[in-house]
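Coordinates from coords35.txt are shown below (compact mmCIF, C-alpha atoms and all ligand atoms).
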# COMPACT_ATOMS: atom_id res chain seq x y z
CA MET A 860 -16.31 -23.52 -24.20
CA THR A 861 -17.73 -25.43 -27.18
CA PRO A 862 -21.47 -26.28 -26.99
CA ALA A 863 -22.16 -29.78 -25.62
CA PRO A 864 -22.37 -32.07 -28.67
CA THR A 865 -25.66 -33.81 -29.43
CA SER A 866 -24.70 -35.85 -32.49
CA ILE A 867 -21.35 -37.59 -32.21
CA VAL A 868 -19.41 -39.91 -34.49
CA VAL A 869 -16.51 -42.02 -33.20
CA THR A 870 -14.43 -44.24 -35.49
CA GLY A 871 -12.75 -47.21 -33.83
CA ALA A 872 -15.49 -47.33 -31.19
CA SER A 873 -15.29 -51.11 -30.77
CA SER A 874 -12.32 -50.98 -28.39
CA GLY A 875 -10.07 -48.87 -26.15
CA ILE A 876 -10.23 -45.09 -26.37
CA GLY A 877 -13.05 -45.03 -28.93
CA GLU A 878 -15.16 -47.32 -26.79
CA ALA A 879 -14.48 -45.21 -23.67
CA LEU A 880 -15.42 -41.99 -25.51
CA ALA A 881 -18.60 -43.56 -26.87
CA LEU A 882 -19.62 -44.67 -23.38
CA HIS A 883 -18.81 -41.23 -21.99
CA TYR A 884 -20.94 -39.40 -24.54
CA ALA A 885 -23.79 -41.92 -24.31
CA GLN A 886 -26.59 -39.92 -22.68
CA ARG A 887 -30.30 -39.53 -23.28
CA GLY A 888 -30.99 -37.02 -26.03
CA ARG A 889 -27.80 -37.78 -27.92
CA THR A 890 -27.28 -39.67 -31.16
CA LEU A 891 -24.09 -41.67 -31.58
CA GLY A 892 -22.59 -43.01 -34.80
CA LEU A 893 -20.05 -45.71 -33.99
CA THR A 894 -17.77 -47.55 -36.39
CA GLY A 895 -15.25 -50.37 -36.16
CA ARG A 896 -14.51 -53.62 -37.96
CA ASP A 897 -15.35 -56.21 -35.32
CA ARG A 898 -19.16 -56.53 -35.45
CA ASP A 899 -19.52 -58.35 -32.12
CA ARG A 900 -17.40 -55.92 -30.11
CA LEU A 901 -19.05 -52.92 -31.81
CA ASP A 902 -22.53 -54.30 -31.06
CA GLY A 903 -21.50 -54.83 -27.43
CA VAL A 904 -20.40 -51.20 -27.09
CA ALA A 905 -23.57 -50.00 -28.85
CA ALA A 906 -25.76 -52.01 -26.47
CA ARG A 907 -24.05 -50.46 -23.44
CA CYS A 908 -24.48 -46.99 -24.93
CA ARG A 909 -28.18 -47.60 -25.67
CA ALA A 910 -28.63 -48.66 -22.04
CA SER A 911 -27.83 -45.01 -21.15
CA GLY A 912 -30.82 -43.91 -23.21
CA CYS A 913 -29.18 -42.58 -26.36
CA ASP A 914 -29.84 -43.39 -29.98
CA VAL A 915 -26.98 -45.42 -31.51
CA HIS A 916 -26.16 -46.21 -35.13
CA THR A 917 -23.32 -48.55 -36.00
CA ALA A 918 -21.40 -49.44 -39.12
CA THR A 919 -18.66 -52.00 -39.67
CA ILE A 920 -16.52 -50.11 -42.14
CA ASP A 921 -12.79 -50.21 -42.63
CA VAL A 922 -11.63 -46.57 -42.48
CA ARG A 923 -9.48 -47.31 -45.54
CA ASP A 924 -12.67 -47.74 -47.57
CA ARG A 925 -13.05 -44.10 -48.50
CA ALA A 926 -16.26 -44.40 -50.53
CA ALA A 927 -18.13 -46.60 -48.03
CA LEU A 928 -17.12 -44.44 -45.08
CA ALA A 929 -18.10 -41.21 -46.88
CA ARG A 930 -21.49 -42.70 -47.81
CA TRP A 931 -22.23 -43.72 -44.24
CA LEU A 932 -21.01 -40.44 -42.71
CA VAL A 933 -23.09 -38.31 -45.05
CA GLU A 934 -26.15 -40.50 -44.45
CA PHE A 935 -25.67 -40.30 -40.67
CA ASP A 936 -25.18 -36.53 -40.90
CA ARG A 937 -28.47 -36.19 -42.80
CA LEU A 938 -30.20 -38.02 -39.96
CA ALA A 939 -28.43 -36.23 -37.11
CA PRO A 940 -26.19 -33.32 -38.16
CA ILE A 941 -22.82 -34.13 -36.62
CA ASP A 942 -21.54 -31.81 -33.88
CA LEU A 943 -18.43 -33.82 -33.04
CA ALA A 944 -16.50 -36.36 -35.10
CA VAL A 945 -13.66 -38.23 -33.43
CA ALA A 946 -11.19 -39.69 -35.95
CA ASN A 947 -9.85 -42.28 -33.55
CA ALA A 948 -9.47 -45.60 -35.42
CA GLY A 949 -5.81 -46.54 -35.54
CA VAL A 950 -3.31 -49.36 -35.47
CA SER A 951 0.16 -49.51 -34.09
CA THR A 952 3.26 -51.34 -35.16
CA GLY A 953 6.77 -51.61 -33.92
CA THR A 954 9.93 -53.54 -34.49
CA PRO A 955 9.56 -57.15 -33.32
CA PRO A 956 12.36 -58.59 -31.17
CA GLY A 957 15.43 -59.58 -33.16
CA GLN A 958 14.38 -57.57 -36.22
CA LEU A 959 16.04 -54.34 -37.37
CA LEU A 960 13.18 -53.10 -39.50
CA GLU A 961 9.42 -52.94 -39.18
CA ASP A 962 7.46 -55.42 -41.24
CA ALA A 963 6.87 -53.62 -44.55
CA ASP A 964 3.21 -54.65 -44.89
CA ALA A 965 2.47 -53.65 -41.32
CA ALA A 966 4.15 -50.27 -41.86
CA ASP A 967 2.03 -49.68 -44.99
CA ARG A 968 -1.09 -50.57 -43.08
CA VAL A 969 -0.24 -48.15 -40.29
CA MET A 970 0.06 -45.32 -42.81
CA GLU A 971 -3.16 -46.27 -44.60
CA VAL A 972 -5.26 -46.58 -41.44
CA ASN A 973 -3.71 -43.85 -39.29
CA VAL A 974 -3.27 -41.21 -41.99
CA LEU A 975 -5.62 -41.93 -44.90
CA GLY A 976 -8.26 -43.35 -42.55
CA VAL A 977 -8.29 -40.04 -40.67
CA LEU A 978 -8.60 -38.04 -43.89
CA ASN A 979 -11.37 -40.37 -45.07
CA THR A 980 -13.26 -39.61 -41.86
CA ILE A 981 -12.80 -35.87 -41.91
CA GLN A 982 -13.08 -34.89 -45.54
CA PRO A 983 -16.72 -35.85 -46.19
CA LEU A 984 -17.78 -33.93 -43.07
CA LEU A 985 -15.89 -30.68 -43.51
CA PRO A 986 -18.10 -29.18 -46.25
CA LEU A 987 -21.23 -30.12 -44.27
CA MET A 988 -19.94 -28.57 -41.05
CA ILE A 989 -18.64 -25.47 -42.83
CA ALA A 990 -22.03 -24.98 -44.51
CA ARG A 991 -23.68 -25.07 -41.06
CA GLY A 992 -21.00 -22.80 -39.57
CA ARG A 993 -20.37 -25.18 -36.67
CA GLY A 994 -18.93 -28.55 -35.79
CA GLN A 995 -15.88 -30.07 -34.14
CA ILE A 996 -13.35 -32.58 -35.40
CA ALA A 997 -11.03 -34.42 -33.01
CA ILE A 998 -8.01 -36.19 -34.45
CA ILE A 999 -6.42 -38.82 -32.22
CA SER A 1000 -2.68 -38.44 -32.76
CA SER A 1001 -0.17 -39.39 -30.04
CA ILE A 1002 2.82 -38.18 -28.08
CA ALA A 1003 4.62 -40.37 -30.63
CA GLY A 1004 3.66 -37.62 -33.08
CA LEU A 1005 5.64 -35.10 -31.03
CA ILE A 1006 8.94 -36.99 -31.02
CA PRO A 1007 10.28 -39.69 -33.36
CA LEU A 1008 11.02 -42.99 -31.59
CA ALA A 1009 13.36 -45.50 -33.20
CA ASP A 1010 11.23 -48.57 -32.57
CA SER A 1011 8.14 -47.49 -34.45
CA PRO A 1012 9.03 -45.24 -37.41
CA ALA A 1013 5.76 -45.82 -39.27
CA TYR A 1014 3.60 -45.22 -36.21
CA CYS A 1015 5.53 -42.05 -35.25
CA GLY A 1016 5.41 -40.82 -38.84
CA SER A 1017 1.67 -41.46 -39.10
CA LYS A 1018 0.92 -39.64 -35.86
CA ALA A 1019 3.18 -36.68 -36.75
CA ALA A 1020 1.45 -36.45 -40.14
CA ILE A 1021 -2.06 -36.21 -38.71
CA ARG A 1022 -0.93 -33.85 -35.96
CA SER A 1023 0.49 -31.48 -38.54
CA TYR A 1024 -2.51 -31.98 -40.85
CA GLY A 1025 -4.92 -31.27 -38.01
CA LEU A 1026 -3.20 -28.10 -36.86
CA ALA A 1027 -2.96 -26.75 -40.41
CA LEU A 1028 -6.62 -27.59 -40.97
CA ARG A 1029 -7.56 -25.90 -37.70
CA GLN A 1030 -6.02 -22.66 -38.92
CA ARG A 1031 -7.62 -23.04 -42.34
CA VAL A 1032 -11.20 -23.47 -41.13
CA HIS A 1033 -11.03 -21.41 -37.95
CA ALA A 1034 -13.07 -18.51 -39.35
CA THR A 1035 -15.86 -20.84 -40.52
CA GLY A 1036 -16.90 -21.83 -36.99
CA VAL A 1037 -15.56 -25.38 -37.28
CA CYS A 1038 -13.06 -26.44 -34.59
CA VAL A 1039 -10.29 -28.95 -35.19
CA ASN A 1040 -8.47 -30.43 -32.20
CA VAL A 1041 -5.46 -32.73 -32.12
CA VAL A 1042 -5.23 -35.21 -29.24
CA CYS A 1043 -1.75 -36.46 -28.26
CA PRO A 1044 -2.04 -39.02 -25.47
CA GLY A 1045 0.85 -40.83 -23.82
CA TYR A 1046 0.47 -44.50 -22.87
CA ILE A 1047 -3.11 -45.54 -22.13
CA ALA A 1048 -4.06 -49.03 -20.96
CA THR A 1049 -5.93 -50.45 -23.99
CA PRO A 1050 -5.66 -53.61 -26.10
CA MET A 1051 -3.22 -51.65 -28.29
CA THR A 1052 -0.69 -51.15 -25.50
CA ASP A 1053 -1.16 -54.74 -24.29
CA GLY A 1054 1.08 -55.70 -27.20
CA ILE A 1055 3.95 -53.55 -25.99
CA ARG A 1056 6.57 -55.17 -23.79
CA GLY A 1057 8.80 -52.83 -21.87
CA TRP A 1058 8.55 -49.56 -20.00
CA LYS A 1059 5.32 -47.65 -20.56
CA PRO A 1060 6.08 -44.51 -18.57
CA LEU A 1061 3.14 -42.89 -16.78
CA GLU A 1062 0.67 -45.29 -18.37
CA MET A 1063 -2.82 -44.09 -17.50
CA SER A 1064 -6.28 -45.57 -17.22
CA LEU A 1065 -8.94 -45.12 -19.88
CA GLU A 1066 -11.03 -43.14 -17.38
CA THR A 1067 -8.27 -40.57 -16.82
CA ALA A 1068 -7.51 -40.35 -20.53
CA THR A 1069 -11.19 -39.85 -21.37
CA ALA A 1070 -11.44 -37.00 -18.86
CA HIS A 1071 -8.42 -35.28 -20.48
CA ILE A 1072 -9.84 -35.68 -23.99
CA VAL A 1073 -13.40 -34.64 -23.18
CA GLY A 1074 -12.21 -31.65 -21.11
CA GLY A 1075 -9.80 -30.50 -23.82
CA LEU A 1076 -12.48 -30.77 -26.51
CA ALA A 1077 -14.96 -28.79 -24.42
CA ARG A 1078 -12.33 -26.04 -24.10
CA ASP A 1079 -11.48 -26.26 -27.82
CA ARG A 1080 -7.79 -26.71 -27.10
CA ALA A 1081 -5.73 -26.92 -30.29
CA VAL A 1082 -3.55 -29.70 -28.90
CA ILE A 1083 -4.77 -31.92 -26.07
CA ALA A 1084 -1.55 -33.58 -24.93
CA PHE A 1085 -1.12 -35.53 -21.71
CA PRO A 1086 0.32 -36.56 -19.27
CA TRP A 1087 2.24 -33.30 -18.98
CA PRO A 1088 5.61 -34.70 -17.72
CA LEU A 1089 5.77 -36.97 -20.79
CA VAL A 1090 4.70 -34.12 -23.07
CA MET A 1091 7.45 -31.88 -21.63
CA ALA A 1092 9.99 -34.71 -22.06
CA ALA A 1093 8.88 -35.30 -25.67
CA ARG A 1094 8.97 -31.60 -26.57
CA PHE A 1095 12.38 -31.21 -24.89
CA GLY A 1096 13.75 -34.33 -26.62
CA ALA A 1097 12.47 -33.15 -30.00
CA ALA A 1098 14.20 -29.77 -29.58
CA LEU A 1099 17.62 -31.36 -28.92
CA PRO A 1100 20.26 -31.95 -31.59
CA GLU A 1101 19.52 -35.32 -33.25
CA TRP A 1102 22.53 -37.17 -31.78
CA LEU A 1103 21.56 -36.12 -28.25
CA SER A 1104 17.88 -36.89 -28.84
CA ARG A 1105 18.92 -40.42 -29.91
CA VAL A 1106 20.65 -40.92 -26.55
CA VAL A 1107 17.88 -39.35 -24.48
CA THR A 1108 15.08 -41.39 -26.11
CA ARG A 1109 16.90 -44.72 -25.65
CA PRO A 1110 15.04 -45.55 -22.39
CA PHE A 1111 11.72 -45.10 -24.21
CA ARG A 1112 12.45 -47.95 -26.62
CA ARG A 1113 9.77 -50.56 -26.66
CA VAL A 1114 9.22 -54.01 -28.00
CA HIS A 1115 6.02 -55.21 -29.68
CA ALA A 1116 5.32 -58.73 -28.53
CA SER A 1117 2.94 -59.39 -31.36
CA ARG A 1118 1.84 -58.03 -34.71
CA PRO A 1119 -0.88 -55.35 -34.53
CA ARG A 1120 -4.40 -56.75 -34.79
N1 LIG B 1 -3.42 -46.71 -26.24
C1 LIG B 1 -2.48 -45.78 -26.28
O1 LIG B 1 -1.54 -45.75 -25.46
C2 LIG B 1 -2.55 -44.71 -27.32
C3 LIG B 1 -1.71 -43.59 -27.16
C4 LIG B 1 -1.75 -42.58 -28.11
C5 LIG B 1 -2.61 -42.66 -29.17
N2 LIG B 1 -3.40 -43.75 -29.32
C6 LIG B 1 -4.29 -43.80 -30.48
O2 LIG B 1 -5.62 -43.93 -30.03
C7 LIG B 1 -6.40 -44.57 -31.04
C8 LIG B 1 -7.17 -45.72 -30.42
O3 LIG B 1 -6.23 -46.67 -29.92
P1 LIG B 1 -6.57 -47.69 -28.74
O4 LIG B 1 -5.42 -47.67 -27.82
O5 LIG B 1 -7.92 -47.45 -28.23
O6 LIG B 1 -6.46 -49.05 -29.58
P2 LIG B 1 -7.45 -50.31 -29.71
O7 LIG B 1 -8.05 -50.66 -28.41
O8 LIG B 1 -6.66 -51.32 -30.47
O9 LIG B 1 -8.62 -49.74 -30.65
C9 LIG B 1 -8.39 -49.41 -32.00
C10 LIG B 1 -9.73 -49.15 -32.66
O10 LIG B 1 -9.47 -48.78 -34.02
C11 LIG B 1 -10.28 -49.62 -34.86
N3 LIG B 1 -9.61 -49.86 -36.13
C12 LIG B 1 -8.35 -50.31 -36.33
N4 LIG B 1 -8.11 -50.44 -37.64
C13 LIG B 1 -9.25 -50.08 -38.27
C14 LIG B 1 -9.63 -50.01 -39.62
N5 LIG B 1 -8.77 -50.32 -40.62
N6 LIG B 1 -10.88 -49.58 -39.92
C15 LIG B 1 -11.74 -49.27 -38.94
N7 LIG B 1 -11.45 -49.32 -37.64
C16 LIG B 1 -10.21 -49.73 -37.31
C17 LIG B 1 -10.46 -50.91 -34.09
O11 LIG B 1 -11.61 -51.55 -34.58
P3 LIG B 1 -11.74 -53.16 -34.65
O12 LIG B 1 -11.04 -53.66 -33.42
O13 LIG B 1 -13.22 -53.37 -34.66
O14 LIG B 1 -11.06 -53.55 -35.89
C18 LIG B 1 -10.62 -50.39 -32.68
O15 LIG B 1 -11.94 -50.01 -32.45
C19 LIG B 1 -5.42 -45.00 -32.13
O16 LIG B 1 -5.44 -44.06 -33.17
C20 LIG B 1 -4.09 -44.97 -31.40
O17 LIG B 1 -3.01 -44.79 -32.28
C21 LIG B 1 -3.40 -44.78 -28.42
Full structure transcribed into structure tokens:
Amino acid sequence: MTPAPTSIVVTGASSGIGEALALHYAQRGRTLGLTGRDRDRLDGVAARCRASGCDVHTATIDVRDRAALARWLVEFDRLAPIDLAVANAGVSTGTPPGQLLEDADAADRVMEVNVLGVLNTIQPLLPLMIARGRGQIAIISSIAGLIPLADSPAYCGSKAAIRSYGLALRQRVHATGVCVNVVCPGYIATPMTDGIRGWKPLEMSLETATAHIVGGLARDRAVIAFPWPLVMAARFGAALPEWLSRVVTRPFRRVHASRPR
């Protein structure tokens, strides 16, 4: 088991999974560093966390702003050396109804936020954690990173990229005492999935998802993937010949009712 974290950073804490993780970790004696872009929502989450007795610092920083994010992370780390950083901020896109291709700008944004935003979060912290010989980094990927789905190439590509990056990094830093964990959730009821029309198999609540993530991090599991039937289906589908995988994944096709926020 990893030691219970005292100083925790969560990017994308103003909504959904990040908000739920922040509220879970909010306990007396802990210091939280929460980021997002929407000041009002972030302040609301911070207020609820403070009500649990913890110390909370917030920053409205776009994870694409590498320099600003690095500055804030290093400053926060000086104040409260970070035990756990959750690189969670992300956006989703898909193919709108009647369109063959994803919107090119939206696809670019997905790559910038979901891939470079994760690197921007992790890279300033790695040398600090390695120097201390401890620390944990959680990367929020997705089951979409386990199997390519035709309706969201950019999203699947971004999540596969950070899954692979995270697992390679885990091996690289293992001997230093720093843990890297990749989280691959299925469908979770958040504002992000509100925009998806169609079948969301085994969609789970934020409470259940949080329990999976927190439990997996405490056990330092390399990949924290859930729910297991969907994980098995994704792994099986990904192992099939491409033509068969195309047929098998057809029922998982989804439609985005609106552009990502
Ligand atoms: N929900 C699911 O079914 C599901 C499944 C697998 C993986 N995931 C992943 O889980 C993570 C969280 O998703 P969610 O479902 O909780 O979505 P959400 O409710 O839409 O929350 C996304 C969070 O990311 C932040 N964010 C987005 N773009 C940002 C940017 N450029 N800079 C800084 N912060 C930014 C948002 O902040 P603001 O709102 O303040 O801009 C928000 O706090 C994402 O990486 C997502 O891909 C979700």
Would you tabulate, counting only C-alpha atoms and all ligand atoms, all residues of chain A that have an atom at most 6 Å from an atom of ligand LIG 1 (chain B), showing the closest pair of atoms and their distance in Å to one decimal, sorted by chain then ascending number, as JSON lines?
{"residue": "A:Gly871", "atom": "CA", "partner": "B:LIG1", "partner_atom": "O15", "distance": 3.2}
{"residue": "A:Ala872", "atom": "CA", "partner": "B:LIG1", "partner_atom": "O15", "distance": 4.6}
{"residue": "A:Ser873", "atom": "CA", "partner": "B:LIG1", "partner_atom": "O15", "distance": 3.9}
{"residue": "A:Ser874", "atom": "CA", "partner": "B:LIG1", "partner_atom": "O15", "distance": 4.2}
{"residue": "A:Gly875", "atom": "CA", "partner": "B:LIG1", "partner_atom": "O5", "distance": 3.3}
{"residue": "A:Ile876", "atom": "CA", "partner": "B:LIG1", "partner_atom": "O5", "distance": 3.8}
{"residue": "A:Gly877", "atom": "CA", "partner": "B:LIG1", "partner_atom": "O5", "distance": 5.7}
{"residue": "A:Gly895", "atom": "CA", "partner": "B:LIG1", "partner_atom": "O13", "distance": 3.9}
{"residue": "A:Arg896", "atom": "CA", "partner": "B:LIG1", "partner_atom": "O13", "distance": 3.6}
{"residue": "A:Asp897", "atom": "CA", "partner": "B:LIG1", "partner_atom": "O13", "distance": 3.6}
{"residue": "A:Ile920", "atom": "CA", "partner": "B:LIG1", "partner_atom": "C15", "distance": 5.8}
{"residue": "A:Asp921", "atom": "CA", "partner": "B:LIG1", "partner_atom": "N6", "distance": 3.4}
{"residue": "A:Val922", "atom": "CA", "partner": "B:LIG1", "partner_atom": "N6", "distance": 4.0}
{"residue": "A:Arg923", "atom": "CA", "partner": "B:LIG1", "partner_atom": "N5", "distance": 5.8}
{"residue": "A:Asn947", "atom": "CA", "partner": "B:LIG1", "partner_atom": "O16", "distance": 4.8}
{"residue": "A:Ala948", "atom": "CA", "partner": "B:LIG1", "partner_atom": "O10", "distance": 3.5}
{"residue": "A:Gly949", "atom": "CA", "partner": "B:LIG1", "partner_atom": "O16", "distance": 3.5}
{"residue": "A:Val950", "atom": "CA", "partner": "B:LIG1", "partner_atom": "C12", "distance": 5.2}
{"residue": "A:Ser951", "atom": "CA", "partner": "B:LIG1", "partner_atom": "O17", "distance": 6.0}
{"residue": "A:Val972", "atom": "CA", "partner": "B:LIG1", "partner_atom": "N5", "distance": 5.2}
{"residue": "A:Ile999", "atom": "CA", "partner": "B:LIG1", "partner_atom": "O16", "distance": 5.4}
{"residue": "A:Ser1000", "atom": "CA", "partner": "B:LIG1", "partner_atom": "C5", "distance": 5.5}
{"residue": "A:Ser1001", "atom": "CA", "partner": "B:LIG1", "partner_atom": "C4", "distance": 4.0}
{"residue": "A:Pro1044", "atom": "CA", "partner": "B:LIG1", "partner_atom": "C4", "distance": 4.4}
{"residue": "A:Gly1045", "atom": "CA", "partner": "B:LIG1", "partner_atom": "C3", "distance": 5.0}
{"residue": "A:Tyr1046", "atom": "CA", "partner": "B:LIG1", "partner_atom": "O1", "distance": 3.5}
{"residue": "A:Ile1047", "atom": "CA", "partner": "B:LIG1", "partner_atom": "O1", "distance": 3.7}
{"residue": "A:Ala1048", "atom": "CA", "partner": "B:LIG1", "partner_atom": "N1", "distance": 5.8}
{"residue": "A:Thr1049", "atom": "CA", "partner": "B:LIG1", "partner_atom": "O4", "distance": 4.8}
{"residue": "A:Pro1050", "atom": "CA", "partner": "B:LIG1", "partner_atom": "O7", "distance": 4.4}
{"residue": "A:Met1051", "atom": "CA", "partner": "B:LIG1", "partner_atom": "O8", "distance": 4.1}
{"residue": "A:Thr1052", "atom": "CA", "partner": "B:LIG1", "partner_atom": "N1", "distance": 5.3}
Shell around Pro864 (chain A) at 10 Å using all atoms listed in the file, local window under 6 positions removed, as a PDB file with C-alpha atoms, in the frame of the given file:
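Dumped everything to out32.pdb:
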ATOM      1  CA  TYR A 884     -20.940 -39.400 -24.540  1.00  0.00           C
ATOM      2  CA  ARG A 889     -27.800 -37.780 -27.920  1.00  0.00           C
ATOM      3  CA  THR A 890     -27.280 -39.670 -31.160  1.00  0.00           C
ATOM      4  CA  ILE A 941     -22.820 -34.130 -36.620  1.00  0.00           C
ATOM      5  CA  ASP A 942     -21.540 -31.810 -33.880  1.00  0.00           C
ATOM      6  CA  LEU A 943     -18.430 -33.820 -33.040  1.00  0.00           C
ATOM      7  CA  ALA A 944     -16.500 -36.360 -35.100  1.00  0.00           C
ATOM      8  CA  GLY A 994     -18.930 -28.550 -35.790  1.00  0.00           C
ATOM      9  CA  GLN A 995     -15.880 -30.070 -34.140  1.00  0.00           C
ATOM     10  CA  ALA A1077     -14.960 -28.790 -24.420  1.00  0.00           C
TER      11      ALA A1077
END
Fill in the blank from the handout: Across A:Pro1007, A:Asp1053, A:Arg900, A:Thr865, the smallest distance to Cys913 (chain A), with all atoms listed in the file counted, is shown by A:Thr865
Exercise for the section: Please indicate the distance in Å from CA of Val945 (chain A) to CA of Thr870 (chain A), rounded to one decimal place. Expected result: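 Interatomic distance, CA of Val945 (chain A) to CA of Thr870 (chain A): 6.4 Å.
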Exercise for the section: Within 10 Å of Val1037 (chain A), counting only C-alpha atoms, which residues show up once you throw out same-chain ones fewer than 2 positions away? Write them as a PyMOL selection string, please. Expected result: chain A and resi 942-943+985+988-996+1028-1029+1031-1035+1039
Problem - Shortest interatomic distance to Thr1108 (chain A) - which of A:Val869, A:Ala1070, A:Ala1093, A:Cys1015, counting only C-alpha atoms - result: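 Ranking A:Val869, A:Ala1070, A:Ala1093, A:Cys1015 by distance to Thr1108 (chain A), first place goes to A:Ala1093.
Relative to CA of Val1041 (chain A), CA of Ala1081 (chain A) is found at 6.1 Å.
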Determine, using all atoms listed in the file, which residues of region 962-1027 of chain A have any atom at most 12 Å from an atom of region 1083-1086 of chain A, and tabulate each with its shortest atom pair and distance in Å to one decimal place, rows ordered by chain and then rising number, as JSON lines.
{"residue": "A:Ala997", "atom": "CA", "partner": "A:Ile1083", "partner_atom": "CA", "distance": 9.7}
{"residue": "A:Ile998", "atom": "CA", "partner": "A:Ile1083", "partner_atom": "CA", "distance": 9.9}
{"residue": "A:Ile999", "atom": "CA", "partner": "A:Ile1083", "partner_atom": "CA", "distance": 9.4}
{"residue": "A:Ser1000", "atom": "CA", "partner": "A:Ala1084", "partner_atom": "CA", "distance": 9.3}
{"residue": "A:Ser1001", "atom": "CA", "partner": "A:Ala1084", "partner_atom": "CA", "distance": 7.9}
{"residue": "A:Ile1002", "atom": "CA", "partner": "A:Ala1084", "partner_atom": "CA", "distance": 7.1}
{"residue": "A:Ala1003", "atom": "CA", "partner": "A:Ala1084", "partner_atom": "CA", "distance": 10.8}
{"residue": "A:Gly1004", "atom": "CA", "partner": "A:Ala1084", "partner_atom": "CA", "distance": 10.5}
{"residue": "A:Leu1005", "atom": "CA", "partner": "A:Ala1084", "partner_atom": "CA", "distance": 9.6}
{"residue": "A:Arg1022", "atom": "CA", "partner": "A:Ile1083", "partner_atom": "CA", "distance": 10.8}
{"residue": "A:Gly1025", "atom": "CA", "partner": "A:Ile1083", "partner_atom": "CA", "distance": 12.0}
{"residue": "A:Leu1026", "atom": "CA", "partner": "A:Ile1083", "partner_atom": "CA", "distance": 11.6}
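When CA of Glu878 (chain A) is paired with CA of Trp931 (chain A), their separation reads 19.2 Å.
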Problem - Which residue of A:Asn1040, A:Ser866, A:Thr861, A:Thr917 approaches Ser1023 (chain A) most closely, using all atoms listed in the file - result: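 Residue with the minimum atom-to-atom distance to Ser1023 (chain A): A:Asn1040.
With all atoms listed in the file as the basis for measurement, A:Pro1110 is the residue among A:Asp967, A:Pro1110, A:Cys1038, A:Asp1079 that approaches Trp1058 (chain A) most closely.
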Would you write out, as a Markdown table, a table of all residues in region 1014-1070 of chain A that have an atom no more than 9 Å from an atom of region 973-978 of chain A, listing for each the closest atom pair and the distance in Å to one decimal, considering all atoms listed in the file and ordering rows by chain and rising residue number?
| residue | atom | partner | partner_atom | distance |
| --- | --- | --- | --- | --- |
| A:Tyr1014 | CA | A:Asn973 | CA | 8.0 |
| A:Ser1017 | CA | A:Val974 | CA | 5.7 |
| A:Lys1018 | CA | A:Asn973 | CA | 7.1 |
| A:Ala1020 | CA | A:Val974 | CA | 7.0 |
| A:Ile1021 | CA | A:Val974 | CA | 6.1 |
Would you save the residues from that selection as a compact mmCIF listing (two decimals), in the frame of the given file, using C-alpha atoms?
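Result saved to selection.txt:
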# COMPACT_ATOMS: atom_id res chain seq x y z
CA TYR A 1014 3.60 -45.22 -36.21
CA SER A 1017 1.67 -41.46 -39.10
CA LYS A 1018 0.92 -39.64 -35.86
CA ALA A 1020 1.45 -36.45 -40.14
CA ILE A 1021 -2.06 -36.21 -38.71
